[in-house]
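Peer 1: I am sharing entry_16.cif, which consists of mmCIF, C-alpha atoms:
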data_start
loop_
_atom_site.label_atom_id
_atom_site.label_comp_id
_atom_site.auth_asym_id
_atom_site.auth_seq_id
_atom_site.Cartn_x
_atom_site.Cartn_y
_atom_site.Cartn_z
CA MET P 1 36.73 -13.11 -4.23
CA LYS P 2 35.26 -16.56 -4.86
CA ILE P 3 31.62 -16.33 -3.81
CA ILE P 4 28.68 -18.72 -3.51
CA PHE P 5 25.51 -16.68 -4.00
CA ALA P 6 22.14 -17.76 -2.57
CA GLY P 7 18.96 -15.86 -3.42
CA THR P 8 15.65 -16.15 -5.20
CA PRO P 9 13.57 -13.02 -6.06
CA GLU P 10 14.35 -9.79 -7.90
CA PHE P 11 15.74 -8.24 -4.70
CA ALA P 12 18.49 -10.89 -4.75
CA ALA P 13 19.01 -10.74 -8.52
CA LEU P 14 20.09 -7.09 -8.29
CA ALA P 15 22.68 -8.01 -5.69
CA LEU P 16 24.03 -10.85 -7.83
CA GLN P 17 24.25 -8.53 -10.83
CA ALA P 18 26.19 -5.98 -8.77
CA LEU P 19 28.65 -8.62 -7.51
CA LEU P 20 29.32 -9.82 -11.05
CA ALA P 21 29.76 -6.23 -12.27
CA ALA P 22 32.28 -5.65 -9.46
CA GLY P 23 34.38 -8.50 -10.80
CA HIS P 24 33.74 -11.16 -8.17
CA SER P 25 33.88 -14.82 -9.19
CA VAL P 26 30.58 -16.65 -8.56
CA PRO P 27 31.22 -20.34 -9.28
CA LEU P 28 27.92 -21.48 -7.73
CA VAL P 29 24.45 -19.93 -7.45
CA LEU P 30 21.78 -21.36 -5.16
CA THR P 31 18.13 -20.53 -5.73
CA GLN P 32 14.75 -22.01 -4.88
CA PRO P 33 13.36 -24.79 -7.11
CA ASP P 34 11.09 -23.59 -9.93
CA ARG P 35 7.56 -22.96 -8.61
CA PRO P 36 4.17 -23.04 -10.38
CA ALA P 37 2.77 -19.57 -11.05
CA GLY P 38 0.23 -17.74 -13.21
CA ARG P 39 -3.12 -18.94 -14.47
CA GLY P 40 -1.59 -21.97 -16.14
CA MET P 41 0.42 -22.81 -12.99
CA GLN P 42 3.46 -23.51 -15.11
CA LEU P 43 6.84 -23.95 -13.44
CA LEU P 44 8.68 -20.64 -13.57
CA PRO P 45 12.34 -19.95 -12.78
CA SER P 46 13.26 -17.41 -10.14
CA ALA P 47 14.72 -14.02 -11.03
CA VAL P 48 18.10 -15.22 -9.74
CA LYS P 49 17.96 -18.35 -11.89
CA ARG P 50 17.21 -16.33 -15.01
CA LEU P 51 20.16 -14.02 -14.32
CA ALA P 52 22.48 -16.92 -13.53
CA GLN P 53 21.54 -18.64 -16.78
CA ALA P 54 22.13 -15.43 -18.73
CA HIS P 55 25.68 -15.34 -17.30
CA HIS P 56 26.21 -19.12 -17.74
CA LEU P 57 26.73 -19.63 -14.00
CA THR P 58 26.47 -23.04 -12.33
CA LEU P 59 23.04 -23.42 -10.68
CA TYR P 60 21.95 -25.52 -7.73
CA GLN P 61 18.29 -25.72 -6.65
CA PRO P 62 18.02 -28.00 -3.60
CA GLU P 63 14.72 -28.50 -1.79
CA ARG P 64 16.65 -28.43 1.50
CA LEU P 65 20.22 -28.26 2.78
CA LYS P 66 19.97 -30.19 6.02
CA ASP P 67 21.74 -33.42 5.07
CA PRO P 68 25.44 -33.77 4.15
CA ALA P 69 24.67 -35.09 0.66
CA SER P 70 22.74 -31.92 -0.26
CA GLN P 71 25.68 -29.83 0.96
CA GLY P 72 28.14 -31.54 -1.38
CA PRO P 73 28.15 -28.93 -4.18
CA LEU P 74 28.86 -26.19 -1.63
CA ARG P 75 31.76 -28.13 -0.11
CA ASP P 76 33.20 -28.86 -3.54
CA THR P 77 33.15 -25.15 -4.48
CA ALA P 78 35.60 -24.26 -1.69
CA ALA P 79 34.35 -20.67 -1.68
CA ASP P 80 35.88 -17.77 0.21
CA LEU P 81 32.48 -16.41 1.14
CA MET P 82 28.76 -17.00 0.76
CA VAL P 83 26.38 -14.08 0.14
CA VAL P 84 22.70 -14.65 0.92
CA ALA P 85 19.78 -12.42 -0.09
CA ALA P 86 16.12 -13.46 0.30
CA TYR P 87 17.00 -17.07 -0.42
CA GLY P 88 14.05 -18.71 1.34
CA LEU P 89 15.80 -21.73 2.87
CA ILE P 90 17.19 -21.94 6.39
CA LEU P 91 20.93 -22.61 6.30
CA PRO P 92 22.13 -25.09 8.93
CA GLN P 93 25.30 -24.41 10.89
CA ALA P 94 27.21 -26.93 8.76
CA VAL P 95 26.55 -24.79 5.68
CA LEU P 96 27.39 -21.54 7.48
CA ASP P 97 30.76 -23.03 8.43
CA LEU P 98 31.76 -24.05 4.89
CA PRO P 99 33.10 -20.80 3.37
CA ARG P 100 36.50 -19.66 4.59
CA LEU P 101 35.19 -16.19 5.50
CA GLY P 102 31.71 -17.25 6.54
CA CYS P 103 28.29 -16.16 5.21
CA LEU P 104 26.94 -12.63 4.80
CA ASN P 105 23.26 -11.74 4.56
CA ILE P 106 21.71 -8.70 2.87
CA HIS P 107 18.70 -7.85 5.04
CA ALA P 108 16.09 -5.24 4.12
CA SER P 109 15.78 -3.47 7.47
CA LEU P 110 17.86 -1.68 10.06
CA LEU P 111 18.47 -4.60 12.38
CA PRO P 112 17.55 -5.54 15.02
CA ARG P 113 14.22 -4.03 13.97
CA TRP P 114 12.21 -6.30 11.66
CA ARG P 115 14.09 -9.55 11.69
CA GLY P 116 12.31 -12.14 9.58
CA ALA P 117 10.52 -12.68 6.29
CA ALA P 118 8.59 -9.46 5.60
CA PRO P 119 10.58 -6.45 6.86
CA ILE P 120 9.49 -4.10 4.07
CA GLN P 121 5.75 -4.61 4.55
CA ARG P 122 5.96 -4.55 8.34
CA ALA P 123 7.91 -1.30 8.38
CA ILE P 124 5.27 0.48 6.28
CA ALA P 125 2.33 -1.00 8.20
CA ALA P 126 3.88 0.07 11.52
CA GLY P 127 4.31 3.65 10.35
CA ASP P 128 8.12 3.62 10.48
CA THR P 129 9.70 6.73 9.01
CA GLU P 130 12.94 5.03 7.97
CA THR P 131 14.34 1.64 7.10
CA GLY P 132 17.44 0.46 5.30
CA ILE P 133 19.87 -2.34 4.56
CA THR P 134 21.95 -4.29 7.04
CA ILE P 135 24.85 -6.49 5.98
CA MET P 136 25.32 -9.07 8.74
CA ARG P 137 27.37 -12.17 9.41
CA MET P 138 24.98 -15.08 9.54
CA ASP P 139 24.61 -17.32 12.58
CA ALA P 140 22.15 -20.07 13.45
CA GLY P 141 19.51 -17.58 14.64
CA LEU P 142 16.92 -15.75 12.56
CA ASP P 143 18.68 -12.56 11.40
CA THR P 144 20.49 -12.34 14.73
CA GLY P 145 24.12 -12.28 13.59
CA PRO P 146 26.57 -9.42 14.14
CA MET P 147 26.20 -6.40 11.87
CA LEU P 148 28.94 -5.23 9.52
CA LEU P 149 27.34 -2.33 7.65
CA ARG P 150 24.02 -0.45 7.87
CA ARG P 151 22.60 2.11 5.44
CA ALA P 152 19.34 3.98 6.11
CA VAL P 153 16.70 5.44 3.78
CA PRO P 154 13.50 7.36 4.61
CA ILE P 155 10.09 5.79 4.07
CA GLY P 156 8.01 8.30 2.12
CA THR P 157 4.33 8.90 2.83
CA ALA P 158 3.51 7.58 -0.65
CA ASP P 159 5.81 4.55 -0.51
CA THR P 160 4.27 1.15 -1.15
CA ALA P 161 5.88 -2.22 -0.57
CA ALA P 162 6.66 -2.23 -4.30
CA THR P 163 8.42 1.15 -4.40
CA LEU P 164 10.28 0.57 -1.14
CA HIS P 165 11.35 -2.88 -2.33
CA ASP P 166 12.92 -1.35 -5.43
CA THR P 167 14.72 1.31 -3.38
CA LEU P 168 16.09 -1.27 -0.94
CA ALA P 169 17.04 -3.73 -3.69
CA ARG P 170 19.25 -1.07 -5.29
CA LEU P 171 20.67 -0.05 -1.92
CA GLY P 172 21.31 -3.68 -0.98
CA ALA P 173 23.23 -4.29 -4.20
CA GLU P 174 25.38 -1.20 -3.62
CA THR P 175 25.97 -1.98 0.04
CA ILE P 176 27.10 -5.59 -0.40
CA VAL P 177 29.65 -4.50 -3.02
CA ASP P 178 30.93 -1.83 -0.64
CA ALA P 179 31.03 -4.32 2.24
CA LEU P 180 33.14 -6.79 0.28
CA ALA P 181 35.51 -4.04 -0.85
CA THR P 182 36.22 -3.10 2.77
CA LEU P 183 35.58 -6.45 4.46
CA GLU P 184 38.94 -6.58 6.25
CA THR P 185 38.27 -3.25 7.97
CA LEU P 186 34.65 -3.83 8.99
CA VAL P 187 34.15 -4.54 12.69
CA PRO P 188 31.27 -6.94 13.51
CA THR P 189 28.85 -5.29 15.94
CA PRO P 190 26.55 -7.54 18.00
CA GLN P 191 22.88 -6.70 17.62
CA PRO P 192 21.39 -5.06 20.72
CA ASP P 193 18.43 -6.75 22.40
CA ALA P 194 16.64 -3.40 22.68
CA GLY P 195 14.47 -2.57 19.69
CA ALA P 196 14.35 -6.10 18.27
CA THR P 197 11.11 -6.89 16.43
CA TYR P 198 9.97 -9.78 14.25
CA ALA P 199 8.58 -9.34 10.73
CA ALA P 200 6.33 -12.35 10.31
CA LYS P 201 5.51 -13.62 6.83
CA ILE P 202 2.47 -11.85 5.34
CA ALA P 203 -0.74 -13.91 5.48
CA LYS P 204 -3.55 -13.28 3.00
CA HIS P 205 -6.14 -12.77 5.75
CA GLU P 206 -4.23 -9.69 6.92
CA ALA P 207 -5.26 -7.88 3.73
CA ALA P 208 -8.87 -7.33 4.85
CA LEU P 209 -9.70 -3.72 5.74
CA TYR P 210 -11.68 -3.40 8.99
CA TRP P 211 -13.36 -0.02 8.85
CA ARG P 212 -13.61 0.36 12.62
CA GLN P 213 -9.85 0.86 12.69
CA PRO P 214 -8.33 4.36 12.30
CA ALA P 215 -8.01 5.62 8.73
CA GLN P 216 -4.29 6.22 9.23
CA GLN P 217 -3.72 2.56 10.05
CA LEU P 218 -5.80 1.39 7.07
CA GLU P 219 -3.98 3.71 4.67
CA ARG P 220 -0.65 2.24 5.79
CA GLN P 221 -2.11 -1.23 5.34
CA VAL P 222 -3.07 -0.44 1.73
CA ARG P 223 0.47 0.71 0.97
CA ALA P 224 2.14 -2.14 2.86
CA PHE P 225 0.18 -4.81 0.96
CA ASN P 226 0.67 -3.32 -2.51
CA PRO P 227 1.34 -5.43 -4.57
CA PHE P 228 0.87 -8.51 -2.36
CA PRO P 229 -1.51 -9.63 -1.04
CA THR P 230 -3.31 -6.33 -1.84
CA ALA P 231 -5.77 -4.80 0.64
CA THR P 232 -9.36 -6.05 0.28
CA ALA P 233 -12.84 -4.81 1.13
CA ILE P 234 -16.35 -6.16 0.52
CA PHE P 235 -19.13 -4.02 -0.96
CA ASN P 236 -22.60 -5.51 -1.49
CA GLY P 237 -21.10 -8.97 -1.21
CA VAL P 238 -18.49 -8.26 -3.90
CA PRO P 239 -14.83 -8.55 -2.88
CA LEU P 240 -12.69 -5.66 -4.09
CA LYS P 241 -8.96 -5.09 -4.12
CA ILE P 242 -7.89 -1.65 -2.91
CA TRP P 243 -4.62 -0.64 -4.57
CA SER P 244 -4.33 2.92 -3.32
CA ALA P 245 -6.08 5.25 -0.92
CA ALA P 246 -5.72 8.69 0.65
CA LEU P 247 -6.45 10.02 4.12
CA SER P 248 -9.29 12.43 4.88
CA ALA P 249 -10.34 14.23 8.06
CA ALA P 250 -14.03 13.48 7.38
CA GLY P 251 -15.91 11.22 9.75
CA GLY P 252 -19.00 9.05 10.07
CA THR P 253 -20.20 5.56 10.85
CA PRO P 254 -17.37 3.13 10.01
CA GLY P 255 -17.80 1.55 6.59
CA THR P 256 -20.28 4.16 5.35
CA VAL P 257 -19.67 5.79 1.96
CA LEU P 258 -19.56 9.53 2.64
CA GLU P 259 -18.83 10.82 -0.85
CA VAL P 260 -18.34 9.55 -4.40
CA ASP P 261 -16.68 11.55 -7.19
CA ASP P 262 -13.90 11.31 -9.76
CA LYS P 263 -11.32 11.52 -6.99
CA GLY P 264 -12.55 8.33 -5.34
CA ILE P 265 -14.88 6.69 -2.87
CA LEU P 266 -14.68 8.28 0.59
CA VAL P 267 -15.34 5.72 3.35
CA ALA P 268 -15.69 6.52 7.06
CA CYS P 269 -13.33 4.71 9.43
CA GLY P 270 -13.04 4.32 13.20
CA SER P 271 -11.41 7.75 13.14
CA GLY P 272 -11.08 9.84 10.00
CA ALA P 273 -11.90 8.51 6.55
CA LEU P 274 -10.20 6.83 3.62
CA ARG P 275 -10.62 7.86 -0.01
CA LEU P 276 -10.28 4.78 -2.23
CA THR P 277 -8.54 5.98 -5.38
CA GLU P 278 -7.61 2.76 -7.21
CA LEU P 279 -9.71 -0.40 -7.12
CA GLN P 280 -10.19 -3.76 -8.78
CA LYS P 281 -13.09 -6.22 -8.74
CA GLN P 282 -12.62 -9.95 -9.05
CA GLY P 283 -11.67 -10.86 -12.61
CA GLY P 284 -11.44 -7.19 -13.58
CA LYS P 285 -8.62 -4.75 -14.21
CA ARG P 286 -6.92 -2.47 -11.74
CA LEU P 287 -8.56 0.92 -12.36
CA ALA P 288 -8.51 4.49 -11.13
CA ALA P 289 -11.68 5.23 -9.14
CA ARG P 290 -13.12 7.36 -11.95
CA ASP P 291 -12.98 4.46 -14.42
CA PHE P 292 -13.92 1.86 -11.82
CA LEU P 293 -17.14 3.69 -10.98
CA ASN P 294 -18.25 3.63 -14.62
CA GLY P 295 -18.84 -0.11 -14.35
CA PHE P 296 -19.41 -0.44 -10.61
CA PRO P 297 -21.77 2.24 -9.26
CA VAL P 298 -21.42 3.24 -5.62
CA ALA P 299 -23.69 5.80 -3.95
CA PRO P 300 -23.21 7.92 -0.80
CA GLY P 301 -24.93 6.35 2.17
CA ALA P 302 -24.16 2.79 1.09
CA ALA P 303 -21.87 0.77 3.32
CA PHE P 304 -18.93 -1.57 3.02
CA ASN P 305 -18.95 -4.76 5.05
CA THR P 306 -17.47 -3.91 8.44
CA GLY P 307 -16.68 -7.53 9.34
#
Produce structure tokens that represent the structure in this file.
Peer 2:
Amino acid sequence: MKIIFAGTPEFAALALQALLAAGHSVPLVLTQPDRPAGRGMQLLPSAVKRLAQAHHLTLYQPERLKDPASQGPLRDTAADLMVVAAYGLILPQAVLDLPRLGCLNIHASLLPRWRGAAPIQRAIAAGDTETGITIMRMDAGLDTGPMLLRRAVPIGTADTAATLHDTLARLGAETIVDALATLETLVPTPQPDAGATYAAKIAKHEAALYWRQPAQQLERQVRAFNPFPTATAIFNGVPLKIWSAALSAAGGTPGTVLEVDDKGILVACGSGALRLTELQKQGGKRLAARDFLNGFPVAPGAAFNTG
């Protein structure tokens, strides 16, 4: 099958690799323009661009696709199908109508739950016990098109956004290959209105831990925002990143340090407590609590900023 592929991060790169391995022809790859990153803010190519270059595929990196001129390379490709995975640009109806068989999207949730930009993080933060991959036909709405194939996976109690991302990236790559192999037999199923939720893009301010909230909610927040934007807390005016934490049944005044040992820093919450097991101070390294405490002393009875 002659496929235009549109995607940007590692999640999409795995899908592109799987399509190439399955023998599909990919005459055109769309990805976001190179963006500045790192301390030097140098322009860096996306994961999809690096893979496309390694396979000597034709690349196209438009800033937008709203005008007919920007759509020219897609028209000229005369593709059978377009596969989209975490691309980052909204595709207008004119683009959706170009491929003979339409456009398919690889979405990292069990639609209609968690439509939108951050389905992995939102699923963990909400305490969902399962998620998955949905292959859907794209329409002009935001992840509202009819579903072709859904595959579910459990969300483990230790899953972070990073580990769940990797699981879903592999599953997405497998599922799109399977969907294309059986495309003629798949029956599009309209998404039900019941159970639809929206996974808004993650904002940095959401990372702050408010100790008056239940420990269970804060623990999910830590996992949902690992690796980005990483949960944060303030101790004695010093901002800290909290990379991992564990639940405890202990209790006390929210924000108060109840216990400090090699296992971590136990902090009282609105209900229950949270043991901070991996931390990082500004400009420092990500460290296990035992090593972190060697250079950043914390004593029982002290308190984190409760906001």
Peer 1: Place a sphere of radius 10 Å on (32.6, -8.2, -6.3) in the file coordinates and name every protein, DNA or RNA residue with an atom inside or on its surface, counting all atoms listed in the file; give the answer as a list of chain:residue names.
Peer 2: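 Answer for this query, in the requested form: P:Met1, P:Lys2, P:Ile3, P:Ala15, P:Leu16, P:Gln17, P:Ala18, P:Leu19, P:Leu20, P:Ala21, P:Ala22, P:Gly23, P:His24, P:Ser25, P:Val26, P:Ile176, P:Val177, P:Asp178, P:Ala179, P:Leu180, P:Ala181.
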Peer 1: Could you state which residues are captured by the PyMOL selection byres ((chain P and resi 104) around 6) in this file, as a list in words?
Peer 2: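 When the PyMOL selection byres ((chain P and resi 104) around 6) is applied, the selected residues are Val83, Cys103, Asn105, Met136, Arg137 and Met138 of chain P.
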Peer 1: Neighbours of Ile202 of chain P within 10 Å (only C-alpha atoms; same-chain residues fewer than 4 positions away dropped), as a ChimeraX atom specification?
Peer 2: /P:117-119,121-122,206-207,225,228-229
Peer 1: Around all the atoms of segment 87-95 of chain P listed in the file, with 3 Å of room on each side, what axis-aligned box do you get, giving centre and edge lengths in Å to one decimal, as lines of an AutoDock Vina configuration file?
Peer 2:
center_x = 20.6
center_y = -22.0
center_z = 5.2
size_x = 19.2
size_y = 15.9
size_z = 17.3
Peer 1: Given the file above and the PyMOL selection byres ((chain P and resi 62) around 9), which residues are selected, and can you give them as a PyMOL selection string?
Peer 2: chain P and resi 30-33+60-61+63-65+70
Peer 1: Written as number ranges by chain, which residues does the PyMOL selection byres ((chain P and resi 252-264) around 6) give for the file shown?
Peer 2: P: 211-212, 251, 265-270, 275-277, 289-290, 300-304, 306
Peer 1: Residues within 12 Å of Arg170 of chain P, please, as a ChimeraX atom specification. Count all atoms listed in the file; anything in the same chain fewer than 5 positions from it doesn't count.
Peer 2: /P:10-18,106,108,132-133,151,153,163-165,175-177
Peer 1: Taking all atoms listed in the file into account, name the residue in P:Pro146, P:Glu219, P:Tyr210, P:Ala173 that is nearest to Pro188 of chain P.
Peer 2: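 Checking each of P:Pro146, P:Glu219, P:Tyr210, P:Ala173 against Pro188 of chain P, counting all atoms listed in the file, the winner is P:Pro146.
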Peer 1: Have a look at P:Thr8, P:Gln282, P:Thr58, P:Thr77 and name the one nearest to Asp34 of chain P; count only C-alpha atoms.
Peer 2: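 Closest residue, counting only C-alpha atoms: P:Thr8.
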Peer 1: Atom CA of Asp139 of chain P and atom CA of Gly195 of chain P are how many Å apart?
Peer 2: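 Distance reported for this atom pair: 19.3 Å.
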Peer 1: Have a look at atom CA of Ala54 of chain P and atom CA of Val29 of chain P and let me know their distance in Å, one decimal.
Peer 2: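 That distance, rounded to one decimal, is 12.4 Å.
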Peer 1: Place a sphere of radius 12 Å on (38.7, -20.4, 6.2) in the file coordinates and name every protein, DNA or RNA residue with an atom inside or on its surface, counting all atoms listed in the file; give the answer as a CSV table (one decimal) with C-alpha atoms, in the coordinates of the input.
Peer 2:
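File produced: part04.csv:
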chain,number,residue,atom,x,y,z
P,78,ALA,CA,35.6,-24.3,-1.7
P,79,ALA,CA,34.4,-20.7,-1.7
P,80,ASP,CA,35.9,-17.8,0.2
P,81,LEU,CA,32.5,-16.4,1.1
P,82,MET,CA,28.8,-17.0,0.8
P,96,LEU,CA,27.4,-21.5,7.5
P,97,ASP,CA,30.8,-23.0,8.4
P,98,LEU,CA,31.8,-24.0,4.9
P,99,PRO,CA,33.1,-20.8,3.4
P,100,ARG,CA,36.5,-19.7,4.6
P,101,LEU,CA,35.2,-16.2,5.5
P,102,GLY,CA,31.7,-17.2,6.5
P,103,CYS,CA,28.3,-16.2,5.2
Peer 1: In Å, rounded to a single decimal, give me how far atom CA of Ile234 of chain P is from atom CA of Gln213 of chain P.
Peer 2: 15.5 Å
Peer 1: N, CA and C atoms for segment 222-245 of chain P, written as a compact mmCIF listing (two decimals), in the frame of the given file, could you do that?
Peer 2:
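Everything below was put into rebuild35.txt:
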# COMPACT_ATOMS: atom_id res chain seq x y z
N VAL P 222 -2.93 -0.42 3.20
CA VAL P 222 -3.07 -0.44 1.73
C VAL P 222 -1.70 -0.35 1.08
N ARG P 223 -0.86 0.55 1.56
CA ARG P 223 0.47 0.71 0.97
C ARG P 223 1.38 -0.48 1.26
N ALA P 224 1.28 -1.03 2.48
CA ALA P 224 2.14 -2.14 2.86
C ALA P 224 1.84 -3.40 2.06
N PHE P 225 0.58 -3.58 1.66
CA PHE P 225 0.18 -4.81 0.96
C PHE P 225 0.01 -4.61 -0.54
N ASN P 226 0.63 -3.55 -1.07
CA ASN P 226 0.67 -3.32 -2.51
C ASN P 226 2.09 -3.63 -2.99
N PRO P 227 2.31 -4.71 -3.74
CA PRO P 227 1.34 -5.43 -4.57
C PRO P 227 0.78 -6.71 -3.97
N PHE P 228 1.37 -7.24 -2.90
CA PHE P 228 0.87 -8.51 -2.36
C PHE P 228 0.69 -8.41 -0.86
N PRO P 229 -0.41 -8.93 -0.34
CA PRO P 229 -1.51 -9.63 -1.04
C PRO P 229 -2.60 -8.69 -1.57
N THR P 230 -2.40 -7.40 -1.45
CA THR P 230 -3.31 -6.33 -1.84
C THR P 230 -4.47 -6.23 -0.84
N ALA P 231 -4.69 -5.03 -0.31
CA ALA P 231 -5.77 -4.80 0.64
C ALA P 231 -7.12 -5.13 0.00
N THR P 232 -8.05 -5.65 0.80
CA THR P 232 -9.36 -6.05 0.28
C THR P 232 -10.49 -5.47 1.12
N ALA P 233 -11.62 -5.27 0.46
CA ALA P 233 -12.84 -4.81 1.13
C ALA P 233 -14.02 -5.45 0.41
N ILE P 234 -15.15 -5.54 1.11
CA ILE P 234 -16.35 -6.16 0.52
C ILE P 234 -17.45 -5.13 0.45
N PHE P 235 -18.03 -4.96 -0.75
CA PHE P 235 -19.13 -4.02 -0.96
C PHE P 235 -20.28 -4.77 -1.63
N ASN P 236 -21.43 -4.78 -0.97
CA ASN P 236 -22.60 -5.51 -1.49
C ASN P 236 -22.27 -6.96 -1.84
N GLY P 237 -21.46 -7.57 -1.00
CA GLY P 237 -21.10 -8.97 -1.21
C GLY P 237 -20.01 -9.20 -2.23
N VAL P 238 -19.51 -8.13 -2.86
CA VAL P 238 -18.49 -8.26 -3.90
C VAL P 238 -17.12 -7.92 -3.32
N PRO P 239 -16.18 -8.87 -3.37
CA PRO P 239 -14.83 -8.55 -2.88
C PRO P 239 -14.08 -7.63 -3.84
N LEU P 240 -13.44 -6.62 -3.29
CA LEU P 240 -12.69 -5.66 -4.09
C LEU P 240 -11.26 -5.57 -3.57
N LYS P 241 -10.33 -5.39 -4.50
CA LYS P 241 -8.96 -5.09 -4.12
C LYS P 241 -8.78 -3.58 -4.09
N ILE P 242 -8.15 -3.09 -3.05
CA ILE P 242 -7.89 -1.65 -2.91
C ILE P 242 -6.40 -1.43 -3.10
N TRP P 243 -6.04 -0.82 -4.23
CA TRP P 243 -4.62 -0.64 -4.57
C TRP P 243 -4.03 0.65 -4.01
N SER P 244 -4.85 1.67 -3.90
CA SER P 244 -4.33 2.92 -3.32
C SER P 244 -5.47 3.69 -2.67
N ALA P 245 -5.09 4.51 -1.69
CA ALA P 245 -6.08 5.25 -0.92
C ALA P 245 -5.41 6.48 -0.31
